[in-house]
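Engineer: Contents of my_file_0.cif (mmCIF, C-alpha atoms and all ligand atoms) are given next:
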```cif
data_entry
loop_
_atom_site.label_atom_id
_atom_site.label_comp_id
_atom_site.auth_asym_id
_atom_site.auth_seq_id
_atom_site.Cartn_x
_atom_site.Cartn_y
_atom_site.Cartn_z
CA MET J 4 12.08 19.18 -16.15
CA ILE J 5 14.86 17.10 -17.60
CA ALA J 6 12.44 14.45 -18.92
CA GLU J 7 8.72 14.71 -19.59
CA THR J 8 6.07 12.68 -21.32
CA GLN J 9 2.54 13.67 -22.18
CA GLY J 10 -0.30 11.26 -22.82
CA LEU J 11 2.21 8.51 -23.45
CA GLU J 12 0.66 5.26 -24.67
CA LYS J 13 2.25 2.02 -25.70
CA HIS J 14 0.25 -0.91 -26.96
CA TYR J 15 1.69 -4.36 -27.59
CA GLY J 16 -0.92 -5.62 -30.02
CA ALA J 17 -4.19 -4.93 -28.25
CA HIS J 18 -2.54 -4.86 -24.82
CA PRO J 19 -2.05 -1.35 -23.37
CA ALA J 20 1.27 -1.44 -21.46
CA LEU J 21 1.17 2.37 -20.97
CA ALA J 22 -2.21 4.08 -20.93
CA GLY J 23 -1.60 7.84 -20.90
CA VAL J 24 1.46 8.58 -18.76
CA ASP J 25 2.39 12.19 -17.95
CA LEU J 26 5.84 11.75 -16.47
CA ALA J 27 7.73 14.74 -15.07
CA VAL J 28 11.29 14.24 -13.89
CA PRO J 29 12.83 17.32 -12.25
CA GLU J 30 16.50 17.88 -12.96
CA GLY J 31 18.87 16.63 -10.27
CA THR J 32 16.45 14.22 -8.60
CA VAL J 33 16.70 10.52 -7.96
CA TYR J 34 13.28 9.50 -9.28
CA GLY J 35 11.88 6.12 -8.28
CA LEU J 36 9.43 4.51 -10.65
CA VAL J 37 7.63 1.89 -8.60
CA GLY J 38 4.99 -0.61 -9.50
CA PRO J 39 4.17 -4.29 -9.50
CA ASN J 40 5.33 -6.67 -12.22
CA GLY J 41 3.85 -5.76 -15.58
CA ALA J 42 3.04 -2.17 -14.55
CA GLY J 43 4.95 -0.80 -17.53
CA LYS J 44 8.20 0.34 -15.90
CA THR J 45 10.57 -1.31 -18.39
CA THR J 46 8.47 -0.08 -21.29
CA LEU J 47 8.55 3.51 -20.01
CA LEU J 48 12.32 3.47 -19.46
CA ALA J 49 12.90 1.90 -22.87
CA ILE J 50 10.83 4.66 -24.52
CA LEU J 51 12.79 7.36 -22.65
CA ALA J 52 16.01 5.72 -23.79
CA GLY J 53 14.78 5.74 -27.39
CA LEU J 54 14.79 1.94 -27.66
CA ARG J 55 11.04 1.55 -28.15
CA ARG J 56 8.59 3.77 -29.97
CA PRO J 57 5.44 4.95 -28.20
CA THR J 58 2.09 4.20 -29.84
CA SER J 59 1.07 7.81 -29.16
CA GLY J 60 1.93 10.73 -26.92
CA GLU J 61 4.94 12.97 -26.54
CA VAL J 62 8.39 12.59 -25.05
CA ARG J 63 10.51 15.63 -24.23
CA LEU J 64 14.09 15.13 -23.09
CA ALA J 65 16.37 18.05 -22.23
CA PRO J 66 19.73 16.31 -22.81
CA PRO J 67 20.75 15.10 -26.26
CA ARG J 68 20.43 11.31 -26.82
CA GLY J 69 24.17 10.84 -26.32
CA ARG J 70 23.94 12.17 -22.74
CA ILE J 71 21.24 9.69 -21.74
CA ALA J 72 22.26 6.21 -20.57
CA LEU J 73 20.16 3.14 -19.83
CA LEU J 74 21.22 0.25 -17.63
CA PRO J 75 18.99 -2.77 -18.34
CA ASP J 76 17.88 -5.00 -15.46
CA THR J 77 20.32 -7.79 -16.26
CA PRO J 78 23.30 -6.21 -18.02
CA GLN J 79 25.09 -8.65 -20.33
CA PHE J 80 28.80 -8.44 -21.08
CA GLU J 81 31.13 -10.60 -23.14
CA PRO J 82 32.43 -13.03 -20.49
CA TRP J 83 36.00 -13.06 -21.81
CA LEU J 84 36.46 -9.29 -21.38
CA THR J 85 37.88 -7.94 -18.13
CA GLY J 86 35.93 -5.38 -16.11
CA ARG J 87 38.42 -2.71 -17.14
CA GLU J 88 37.98 -3.61 -20.83
CA VAL J 89 34.19 -3.37 -20.53
CA VAL J 90 34.35 0.12 -19.05
CA ALA J 91 37.13 1.24 -21.41
CA LEU J 92 35.04 0.09 -24.39
CA ALA J 93 32.02 1.99 -23.09
CA ARG J 94 34.11 5.16 -22.71
CA ARG J 95 35.48 4.84 -26.24
CA LEU J 96 31.98 4.39 -27.63
CA VAL J 97 30.09 7.10 -25.77
CA ALA J 98 32.68 9.63 -24.67
CA PRO J 99 35.98 9.28 -26.52
CA GLY J 100 36.77 12.87 -25.58
CA LEU J 101 36.90 12.11 -21.87
CA PRO J 102 40.30 11.21 -20.37
CA ALA J 103 41.09 7.48 -20.19
CA ALA J 104 41.83 7.90 -16.47
CA ARG J 105 38.07 8.16 -15.97
CA VAL J 106 37.87 4.38 -16.46
CA ASP J 107 39.92 3.74 -13.31
CA ARG J 108 37.96 6.39 -11.44
CA VAL J 109 34.53 4.83 -12.08
CA LEU J 110 35.88 1.33 -11.42
CA ALA J 111 37.15 2.58 -8.06
CA ASP J 112 33.78 4.24 -7.28
CA ALA J 113 32.12 0.88 -8.01
CA GLU J 114 34.68 -0.85 -5.74
CA LEU J 115 35.91 -2.96 -8.61
CA THR J 116 39.56 -1.87 -8.66
CA GLY J 117 40.74 -5.22 -7.25
CA ALA J 118 38.68 -7.21 -9.76
CA ALA J 119 39.23 -4.89 -12.74
CA ASP J 120 41.62 -7.22 -14.55
CA ARG J 121 39.57 -10.36 -14.02
CA ARG J 122 37.27 -11.69 -16.75
CA VAL J 123 33.67 -10.70 -16.10
CA GLY J 124 32.51 -14.29 -16.72
CA GLY J 125 33.60 -14.95 -13.14
CA TYR J 126 31.91 -11.90 -11.59
CA SER J 127 29.06 -12.25 -9.08
CA ARG J 128 25.65 -10.74 -9.86
CA GLY J 129 26.36 -7.79 -7.58
CA MET J 130 29.71 -7.17 -9.26
CA LEU J 131 28.06 -7.31 -12.71
CA GLN J 132 25.46 -4.77 -11.61
CA ARG J 133 28.16 -2.46 -10.25
CA LEU J 134 30.15 -2.95 -13.46
CA GLY J 135 27.02 -2.02 -15.41
CA LEU J 136 26.72 1.16 -13.38
CA ALA J 137 30.41 1.95 -13.92
CA ALA J 138 30.02 1.45 -17.69
CA THR J 139 26.87 3.59 -17.62
CA VAL J 140 28.39 6.55 -15.76
CA VAL J 141 31.79 6.55 -17.49
CA GLY J 142 30.46 8.84 -20.23
CA GLU J 143 29.13 11.36 -17.65
CA PRO J 144 25.49 11.11 -18.76
CA GLU J 145 23.09 13.84 -17.65
CA LEU J 146 20.21 11.39 -17.34
CA LEU J 147 20.61 7.83 -16.10
CA LEU J 148 17.84 5.31 -16.56
CA LEU J 149 18.29 2.26 -14.32
CA ASP J 150 15.89 -0.65 -14.72
CA GLU J 151 15.56 -2.61 -11.46
CA PRO J 152 19.22 -1.93 -10.59
CA ALA J 153 19.20 -3.75 -7.26
CA SER J 154 16.22 -6.09 -7.34
CA ALA J 155 18.04 -9.32 -8.18
CA LEU J 156 20.75 -8.89 -5.56
CA ASP J 157 21.21 -10.20 -2.04
CA PRO J 158 21.05 -7.63 0.81
CA ALA J 159 24.79 -6.91 0.76
CA GLY J 160 24.84 -6.51 -3.01
CA ARG J 161 21.75 -4.28 -2.86
CA ARG J 162 23.39 -2.12 -0.20
CA GLU J 163 26.43 -1.54 -2.42
CA VAL J 164 24.39 -0.68 -5.48
CA LEU J 165 22.09 1.66 -3.52
CA ASP J 166 25.11 3.45 -2.03
CA LEU J 167 26.52 3.84 -5.51
CA ILE J 168 23.24 5.32 -6.78
CA ALA J 169 23.01 7.65 -3.79
CA SER J 170 26.53 8.91 -4.60
CA LEU J 171 25.29 10.03 -8.04
CA ARG J 172 22.97 12.60 -6.46
CA GLY J 173 24.05 16.05 -7.59
CA LYS J 174 26.11 14.67 -10.47
CA ALA J 175 23.27 13.42 -12.68
CA THR J 176 19.52 12.93 -12.73
CA VAL J 177 18.59 9.31 -12.08
CA VAL J 178 15.35 7.51 -12.90
CA LEU J 179 15.28 4.02 -11.45
CA SER J 180 12.57 1.43 -11.51
CA SER J 181 11.97 -0.97 -8.67
CA HIS J 182 9.35 -3.08 -7.02
CA ILE J 183 11.33 -3.04 -3.75
CA LEU J 184 9.73 -0.12 -1.99
CA ALA J 185 12.24 0.06 0.86
CA ASP J 186 15.01 0.68 -1.69
CA VAL J 187 13.05 3.49 -3.32
CA GLN J 188 12.20 5.03 0.04
CA GLU J 189 15.86 5.01 0.96
CA VAL J 190 17.45 6.43 -2.14
CA CYS J 191 14.81 8.41 -4.08
CA ASP J 192 13.47 11.89 -3.42
CA THR J 193 10.78 11.81 -6.12
CA VAL J 194 8.41 8.92 -6.75
CA GLY J 195 6.08 7.83 -9.51
CA ILE J 196 3.69 5.00 -8.71
CA LEU J 197 2.77 3.09 -11.84
CA ARG J 198 0.06 0.47 -12.06
CA GLU J 199 -1.40 -1.07 -15.19
CA GLY J 200 0.22 1.59 -17.36
CA ARG J 201 -1.07 4.58 -15.36
CA LEU J 202 0.69 6.89 -12.92
CA LEU J 203 -1.34 6.84 -9.70
CA PHE J 204 0.91 9.36 -7.97
CA GLN J 205 3.89 11.46 -8.91
CA GLY J 206 5.73 13.89 -6.69
CA GLY J 207 8.05 14.25 -3.73
CA LEU J 208 8.47 11.20 -1.52
CA HIS J 209 7.80 13.39 1.50
CA ASP J 210 4.52 14.71 0.03
CA LEU J 211 3.46 11.15 -0.66
CA LEU J 212 4.12 9.92 2.86
CA VAL J 213 2.82 12.85 4.90
CA GLY J 214 -0.83 12.54 5.70
CA ARG J 215 -1.41 9.26 3.88
CA ALA J 216 -0.75 6.26 6.07
CA VAL J 217 -1.89 6.66 9.69
CA PRO J 218 0.89 8.06 11.86
CA ALA J 219 1.74 6.04 14.95
CA TYR J 220 3.99 5.79 17.99
CA LEU J 221 5.77 2.64 19.06
CA VAL J 222 5.74 2.56 22.87
CA ARG J 223 7.83 0.12 24.91
CA LEU J 224 6.92 -0.30 28.58
CA ARG J 225 8.32 -2.13 31.58
CA SER J 226 4.87 -2.36 33.16
CA PRO J 227 1.96 -4.52 31.83
CA VAL J 228 0.69 -3.09 28.56
CA GLY J 229 -3.00 -4.18 28.68
CA ARG J 230 -4.17 -1.58 31.18
CA VAL J 231 -2.25 1.22 29.43
CA ALA J 232 -3.72 0.18 26.07
CA ASP J 233 -7.26 0.40 27.48
CA ARG J 234 -6.62 3.87 28.93
CA LEU J 235 -5.14 5.17 25.69
CA ARG J 236 -8.02 3.79 23.60
CA ALA J 237 -10.35 6.08 25.55
CA GLU J 238 -8.48 9.22 24.38
CA GLU J 239 -10.12 11.02 21.49
CA TRP J 240 -6.75 11.88 19.86
CA VAL J 241 -5.90 8.16 19.67
CA ALA J 242 -7.04 6.40 16.49
CA GLY J 243 -6.28 2.88 17.74
CA VAL J 244 -3.95 0.82 19.93
CA ASP J 245 -2.40 -2.53 18.94
CA VAL J 246 -0.75 -4.68 21.59
CA LEU J 247 2.30 -6.08 19.77
CA ASP J 248 3.66 -8.20 22.66
CA ASP J 249 3.89 -8.00 26.46
CA GLN J 250 6.13 -4.92 26.27
CA ARG J 251 5.16 -3.04 23.12
CA LEU J 252 2.17 -1.02 21.96
CA ARG J 253 1.54 0.60 18.60
CA VAL J 254 -0.48 3.73 19.23
CA SER J 255 -2.03 5.11 16.04
CA VAL J 256 -2.88 8.79 16.31
CA HIS J 257 -4.69 11.33 14.19
CA SER J 258 -1.73 13.71 14.26
CA LEU J 259 1.86 13.14 15.35
CA ALA J 260 2.11 16.79 16.33
CA ALA J 261 -0.87 16.57 18.71
CA ALA J 262 0.33 13.27 20.13
CA GLU J 263 3.77 14.74 20.87
CA GLY J 264 2.15 16.94 23.47
CA LEU J 265 -0.45 14.51 24.78
CA LEU J 266 1.08 11.04 24.78
CA PRO J 267 3.76 11.56 27.49
CA GLY J 268 1.13 12.98 29.85
CA ALA J 269 -1.31 10.15 29.16
CA LEU J 270 1.40 7.55 29.84
CA ALA J 271 2.38 9.33 33.04
CA ALA J 272 -1.28 9.40 34.13
CA CYS J 273 -1.36 5.56 33.92
CA GLU J 274 1.92 5.40 35.86
CA ALA J 275 3.39 3.47 32.96
CA ARG J 276 7.15 2.82 33.14
CA VAL J 277 8.27 3.92 29.71
CA ILE J 278 11.42 2.37 28.20
CA SER J 279 11.14 4.03 24.81
CA LEU J 280 8.79 6.02 22.64
CA TYR J 281 9.33 6.35 18.89
CA PRO J 282 7.24 8.03 16.20
CA GLN J 283 6.75 5.63 13.30
CA ALA J 284 7.00 7.42 10.00
CA ALA J 285 4.60 6.37 7.30
CA ASP J 286 6.11 3.75 5.08
CA LEU J 287 6.10 3.73 1.29
CA GLU J 288 4.84 0.15 1.44
CA ASP J 289 1.71 1.20 3.40
CA VAL J 290 1.00 4.07 1.02
CA PHE J 291 1.60 1.91 -2.01
CA LEU J 292 -0.89 -0.68 -0.77
CA GLU J 293 -3.38 2.06 0.05
CA LEU J 294 -3.05 3.56 -3.45
CA THR J 295 -3.03 0.34 -5.43
CA SER J 296 -5.66 -1.68 -3.54
N1 LIG Z 301 7.66 -6.96 -26.18
C1 LIG Z 301 6.46 -7.15 -25.62
N2 LIG Z 301 5.45 -7.75 -26.30
C2 LIG Z 301 4.22 -7.92 -25.75
N3 LIG Z 301 3.89 -7.52 -24.50
C3 LIG Z 301 4.85 -6.95 -23.77
C4 LIG Z 301 6.19 -6.72 -24.28
N4 LIG Z 301 6.91 -6.10 -23.33
C5 LIG Z 301 6.08 -5.95 -22.27
N5 LIG Z 301 4.86 -6.45 -22.52
C6 LIG Z 301 3.68 -6.42 -21.62
O1 LIG Z 301 3.46 -5.07 -21.26
C7 LIG Z 301 3.18 -4.93 -19.88
C8 LIG Z 301 4.21 -4.02 -19.21
O2 LIG Z 301 5.46 -4.69 -19.24
P1 LIG Z 301 6.80 -4.05 -18.65
O3 LIG Z 301 7.89 -5.05 -18.86
O4 LIG Z 301 6.98 -2.69 -19.19
O5 LIG Z 301 6.41 -3.94 -17.11
P2 LIG Z 301 7.33 -3.84 -15.82
O6 LIG Z 301 6.63 -2.93 -14.90
O7 LIG Z 301 8.72 -3.48 -16.23
O8 LIG Z 301 7.28 -5.30 -15.27
P3 LIG Z 301 8.45 -6.16 -14.57
O9 LIG Z 301 8.65 -5.58 -13.21
O10 LIG Z 301 7.85 -7.53 -14.56
O11 LIG Z 301 9.67 -6.06 -15.46
C9 LIG Z 301 3.15 -6.35 -19.33
O12 LIG Z 301 1.81 -6.77 -19.30
C10 LIG Z 301 3.95 -7.14 -20.32
O13 LIG Z 301 3.50 -8.48 -20.38
#
```
Turn this file's structure into structure tokens for me.

Structural biologist:
Amino acid sequence: MIAETQGLEKHYGAHPALAGVDLAVPEGTVYGLVGPNGAGKTTLLAILAGLRRPTSGEVRLAPPRGRIALLPDTPQFEPWLTGREVVALARRLVAPGLPAARVDRVLADAELTGAADRRVGGYSRGMLQRLGLAATVVGEPELLLLDEPASALDPAGRREVLDLIASLRGKATVVLSSHILADVQEVCDTVGILREGRLLFQGGLHDLLVGRAVPAYLVRLRSPVGRVADRLRAEEWVAGVDVLDDQRLRVSVHSLAAAEGLLPGALAACEARVISLYPQAADLEDVFLELTS
């Protein structure tokens, strides 16, 4: 593990923001810390970064402090500096030994080459977030802590930041916090679900999704769906059928593997004219609701 905590607690006055967190971040993963507002995500990241002291519990970090970088949720830069100056300053502070050419390299990775000599006071939110990432990775940290890196951005800005984070896989370990579950599902391989200062689940995204939310098939038909829905409901391997509109059915099943063999035959038996048939993977949002409700 590159980062671990044991029995971590943080109280603000009498309020327990973290109530016994055993975090385990495997090296090389993109770890998504998810939870609703106030769950304790920022507090946990700030403790890992050494910016806040825990009330009790242990923190074990494999890299030295200098190889750990935190990007806060709304990075602030002096507005009169240019993007290049911001990143150059970060390099001089955290990794003076690295070649200066690295500044241009990370600016290019963040797609800021064209804007590098403009003052950051005129940057959009998405550009500021990408600049923050560039300034965070310029020192080649081993562990990157990103607090809500994409949450405040529009879809295009989020896309760019998520792509940038995905490109870090294999180069560094990333822990990012988010309350946007689709982002976490897309970019993370390990997930920790935090609620009211407690980890409700921690492990591989795949392990979380498999066997939790009910698996289902989305079936699109050219023929009327009502009769087919009634026939399928009678099958014991079918958990339920929702009629979504006059062409589409959502067929929930007990096991995708069993349904793979049985559903085509059942549709053929009703002489249904099938346009498409898709398995619907469980969604982090469903599982999150199931775990936190
Ligand atoms: N400096 C502080 N003083 C007092 N209470 C605090 C402080 N910082 C956080 N809290 C409280 O601790 C709890 C956890 O806050 P934290 O910011 O860590 O959660 P979060 O999951 O990051 O939430 P958000 O998504 O809203 O940023 C919240 O109830 C918050 O009000």

Engineer: Measuring between all atoms listed in the file, which one of J:Val190, J:Ala113, J:Ala103, J:Ile196 shows the shortest distance to Glu163 in chain J?

Structural biologist: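 Among the listed residues, J:Ala113 lies closest to Glu163 in chain J.
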
Engineer: Counting all atoms listed in the file, what are the residues, protein, DNA or RNA alike, that approach ligand LIG 301 (chain Z) to within 6 Å? I want them as number ranges by chain.

Structural biologist: J: 15, 20, 39-46

Engineer: Output C-alpha atoms of each residue in that selection to a file, as a PDB file, in the frame of the given file.

Structural biologist:
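Okay, result.pdb is ready:
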```pdb
ATOM      1  CA  TYR J  15       1.690  -4.360 -27.590  1.00  0.00           C
ATOM      2  CA  ALA J  20       1.270  -1.440 -21.460  1.00  0.00           C
ATOM      3  CA  PRO J  39       4.170  -4.290  -9.500  1.00  0.00           C
ATOM      4  CA  ASN J  40       5.330  -6.670 -12.220  1.00  0.00           C
ATOM      5  CA  GLY J  41       3.850  -5.760 -15.580  1.00  0.00           C
ATOM      6  CA  ALA J  42       3.040  -2.170 -14.550  1.00  0.00           C
ATOM      7  CA  GLY J  43       4.950  -0.800 -17.530  1.00  0.00           C
ATOM      8  CA  LYS J  44       8.200   0.340 -15.900  1.00  0.00           C
ATOM      9  CA  THR J  45      10.570  -1.310 -18.390  1.00  0.00           C
ATOM     10  CA  THR J  46       8.470  -0.080 -21.290  1.00  0.00           C
TER      11      THR J  46
END
```

Engineer: Please measure the separation of CA of Ala27 in chain J and CA of Lys174 in chain J, giving the value in Å to one decimal.

Structural biologist: 18.9 Å

Engineer: Could you check the closest approach to Leu167 in chain J for each of J:Leu21, J:Leu148, J:Leu134, J:Gly124 and tell me which residue wins, using all atoms listed in the file?

Structural biologist: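 With all atoms listed in the file as the atom set, the closest residue is J:Leu134.
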
Engineer: Every residue with an atom at most 12 Å from (-0.8, 14.9, 22.6) (file coordinates; all atoms listed in the file) is what I'm after, so could you write them as number ranges by chain?

Structural biologist: J: 219-220, 235, 238-241, 254-270

Engineer: Would you save the residues from that selection as a PDB file, in the coordinates of the input, using C-alpha atoms?

Structural biologist:
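Written file, again01.pdb:
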```pdb
ATOM      1  CA  ALA J 219       1.740   6.040  14.950  1.00  0.00           C
ATOM      2  CA  TYR J 220       3.990   5.790  17.990  1.00  0.00           C
ATOM      3  CA  LEU J 235      -5.140   5.170  25.690  1.00  0.00           C
ATOM      4  CA  GLU J 238      -8.480   9.220  24.380  1.00  0.00           C
ATOM      5  CA  GLU J 239     -10.120  11.020  21.490  1.00  0.00           C
ATOM      6  CA  TRP J 240      -6.750  11.880  19.860  1.00  0.00           C
ATOM      7  CA  VAL J 241      -5.900   8.160  19.670  1.00  0.00           C
ATOM      8  CA  VAL J 254      -0.480   3.730  19.230  1.00  0.00           C
ATOM      9  CA  SER J 255      -2.030   5.110  16.040  1.00  0.00           C
ATOM     10  CA  VAL J 256      -2.880   8.790  16.310  1.00  0.00           C
ATOM     11  CA  HIS J 257      -4.690  11.330  14.190  1.00  0.00           C
ATOM     12  CA  SER J 258      -1.730  13.710  14.260  1.00  0.00           C
ATOM     13  CA  LEU J 259       1.860  13.140  15.350  1.00  0.00           C
ATOM     14  CA  ALA J 260       2.110  16.790  16.330  1.00  0.00           C
ATOM     15  CA  ALA J 261      -0.870  16.570  18.710  1.00  0.00           C
ATOM     16  CA  ALA J 262       0.330  13.270  20.130  1.00  0.00           C
ATOM     17  CA  GLU J 263       3.770  14.740  20.870  1.00  0.00           C
ATOM     18  CA  GLY J 264       2.150  16.940  23.470  1.00  0.00           C
ATOM     19  CA  LEU J 265      -0.450  14.510  24.780  1.00  0.00           C
ATOM     20  CA  LEU J 266       1.080  11.040  24.780  1.00  0.00           C
ATOM     21  CA  PRO J 267       3.760  11.560  27.490  1.00  0.00           C
ATOM     22  CA  GLY J 268       1.130  12.980  29.850  1.00  0.00           C
ATOM     23  CA  ALA J 269      -1.310  10.150  29.160  1.00  0.00           C
ATOM     24  CA  LEU J 270       1.400   7.550  29.840  1.00  0.00           C
TER      25      LEU J 270
END
```

Engineer: Which is closer to Leu36 in chain J than all the others in J:Leu202, J:Ala153, J:Ala237, J:Leu224, using all atoms listed in the file?

Structural biologist: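 Nearest to Leu36 in chain J: J:Leu202.
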
Engineer: Show which residues sit within 7 Å of Ala22 in chain J, as a PDB file with C-alpha atoms, in the coordinates of the input. Count only C-alpha atoms, and ignore same-chain residues fewer than 2 positions away.

Structural biologist:
```pdb
ATOM      1  CA  LEU J  11       2.210   8.510 -23.450  1.00  0.00           C
ATOM      2  CA  GLU J  12       0.660   5.260 -24.670  1.00  0.00           C
ATOM      3  CA  LYS J  13       2.250   2.020 -25.700  1.00  0.00           C
ATOM      4  CA  PRO J  19      -2.050  -1.350 -23.370  1.00  0.00           C
ATOM      5  CA  ALA J  20       1.270  -1.440 -21.460  1.00  0.00           C
ATOM      6  CA  VAL J  24       1.460   8.580 -18.760  1.00  0.00           C
ATOM      7  CA  GLY J 200       0.220   1.590 -17.360  1.00  0.00           C
ATOM      8  CA  ARG J 201      -1.070   4.580 -15.360  1.00  0.00           C
TER       9      ARG J 201
END
```

Engineer: Report, as JSON, the centre and edge lengths in Å (one decimal) of the axis-aligned box enclosing every listed atom of range 194-202 of chain J, padded by 8 Å on each side.

Structural biologist:
```
{"center_x": 3.5, "center_y": 3.9, "center_z": -12.1, "size_x": 25.8, "size_y": 26.0, "size_z": 26.6}
```
